[in-house]
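What follows is one structure encoded as C-alpha cells, with my remarks underneath.
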Amino acid sequence: MNIRSLTRGDGVVIGAAVLLFIASFLDIYSIDGAPSSADIPSAWASGPLLLSVFLAGIIGAALVVVAHGLPQVPKVAGLDLGQFGAAFTVFAAWSALGNVFDPIGGVDNLGGGGSVSAGTGLILGLVATVVMAAAAIAAPLVPALQAALVPAPKPAAPQPYGGQPQGGYGYPGAQQSPYGHPQQGQPFGGQQPQQTAPAADFSPFWFAVPVPRPLFPEDGSPTPIAELAPGTWYLAVEQRGPALVAQTQDGRRGVLQDTSGIQRG
C-alpha cells in the first residue's frame, strides 16, 4: 500500500474513523435523574447499533483508504472498493441519525422511555459518521481534499531549463569536460530537449502531483506517454495556459493537463 497516494480527504476519513471508534465505548443513553454510578451500556452492548453504525462506519472508512492506497483498485458488486466503502459510510451515518432520534427503539412504546435520550456515544457517533461520509463523497470533487496527505520530500533547488541536475530524482549525471561544463551533445536527462522555449516570465520548478495523473504528448495525441505518481518530483519546463509541460525522471516530456492541487517544490 502506497501511503503517499493518500489524500487529505483520506486523512479526514481516518480521523473520523478514530473518533467513531472512541465513541463506541461511551454511553449510548442519557437517563434523566440517573445517578452517576448508573451502569449505562456502550455500543458494544447493543448488537444492532454496533453493526449498523460503528462497525459499518469503520469498515467503510477502511475500504475507502485502502482503495486509494492500492495501485489497482478491485471491484465489489460492480463498484470499485472506494465507492463500496463510501456507501458503507453513508449507511452508517443514516443509521446513526435514526438512533439519535430514537435511542431505545421500540421500548419507548411501552411507556417507560420518556426520560431516555441519546447519550454521548450516539451523538459523537453521528458526528463521526456524517463527517466520514461527507469526506468520502467530496474527496474526488474538491481540489483541496485531493492534495497529498503526506507531502513529498523537498527537492533540491531547480536548475535553469536545459541545465544538468546534480543527480537524484532519477536524472543521470552528465559527463563533465575539463572546464566543468557538460560535453557537447550530452542530453538533459538522457534525451535531447525540445526546442520550444518557455514563456518569458516562466521559471522552471519542481512539483509533485496529489494523485496519479496522465502525461500527454506535446503534439496533442490523446494517448498518455506516462503517468505521474504522487511522492515523486517532476520538473515543469514550460507553461501552456493552465497546462504544464513536464519532464519525467527518464527525460520524457509531455503535457500535464490537470494541474489542480499540485505541490510546488
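Residue numbering restarts at 1 in every chain; chains get A, B, ... in the order shown in the C-alpha cells, and ligands count up from 1 in that same order.
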Write out, as a tab-separated table, each residue of region 27-119 of chain A that has an atom at most 12 Å from region 198-217 of chain A, together with the closest pair of atoms and their distance in Å to one decimal, counting only C-alpha atoms, rows going by chain and rising number.
```
residue	atom	partner	partner_atom	distance
A:His68	CA	A:Val211	CA	9.1
A:Gly69	CA	A:Val211	CA	10.3
A:Leu70	CA	A:Pro212	CA	11.6
A:Pro71	CA	A:Pro212	CA	9.7
A:Gln72	CA	A:Pro212	CA	11.8
```
Using only C-alpha atoms, what does the table of region 17-115 of chain A residues within 7 Å of region 129-149 of chain A look like, with each row giving the shortest atom pair and its distance in Å to one decimal, sorted by chain and ascending number, as JSON lines?
```
{"residue": "A:Gly57", "atom": "CA", "partner": "A:Thr129", "partner_atom": "CA", "distance": 6.3}
{"residue": "A:Ala86", "atom": "CA", "partner": "A:Ala136", "partner_atom": "CA", "distance": 5.5}
{"residue": "A:Thr89", "atom": "CA", "partner": "A:Ala133", "partner_atom": "CA", "distance": 4.9}
{"residue": "A:Val90", "atom": "CA", "partner": "A:Ala133", "partner_atom": "CA", "distance": 5.2}
{"residue": "A:Ala92", "atom": "CA", "partner": "A:Thr129", "partner_atom": "CA", "distance": 6.2}
{"residue": "A:Ala93", "atom": "CA", "partner": "A:Thr129", "partner_atom": "CA", "distance": 4.7}
```
Check your understanding: Which neighbours of region 22-38 of chain A fall inside 10 Å, counting only C-alpha atoms, when residues of the same chain fewer than 2 positions from it are skipped, and could you give them as a ChimeraX atom specification?
Key -> /A:16-20,40-46,49-50,53-55,99-100,103-104,113-128
Check your understanding: In Å to one decimal, how far is CA of Ser260 (chain A) from CA of Glu238 (chain A)?
Key ->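 Separation of CA of Glu238 (chain A) and CA of Ser260 (chain A): 16.2 Å.
Between CA of Gly60 (chain A) and CA of Ala77 (chain A) lies a distance of 14.9 Å.
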Point to revise | Coordinates-based distance that separates CA of Val64 (chain A) from CA of Trp94 (chain A) (Å, one decimal) | key: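 Here the two named atoms are 17.8 Å from each other.
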Point to revise | Nearest to Leu6 (chain A), chosen from A:Gly231, A:Ser95, A:Phe101, A:Pro74, with only C-alpha atoms counted in the distances | key: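 Result for the nearest residue to Leu6 (chain A): A:Gly231.
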Exercise for review: Write out as a list in words which residues come within 10 Å of Glu218 (chain A) when counting only C-alpha atoms, dropping same-chain ones fewer than 6 positions away.
Suggested key: Gln194, Ile225, Val245, Ala246, Arg253, Gly254, Val255 and Leu256 of chain A
Review point. Which one of A:Gln257, A:Phe88, A:Pro230, A:Gly9 sits closest to Pro242 (chain A) if you count only C-alpha atoms?
Key: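 With only C-alpha atoms as the atom set, the closest residue is A:Gln257.
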Review point. Looking at only C-alpha atoms, which of A:Ala61, A:Ala226, A:Ala56, A:Leu81 is the one that sits closest to Asp250 (chain A)?
Key: A:Ala226
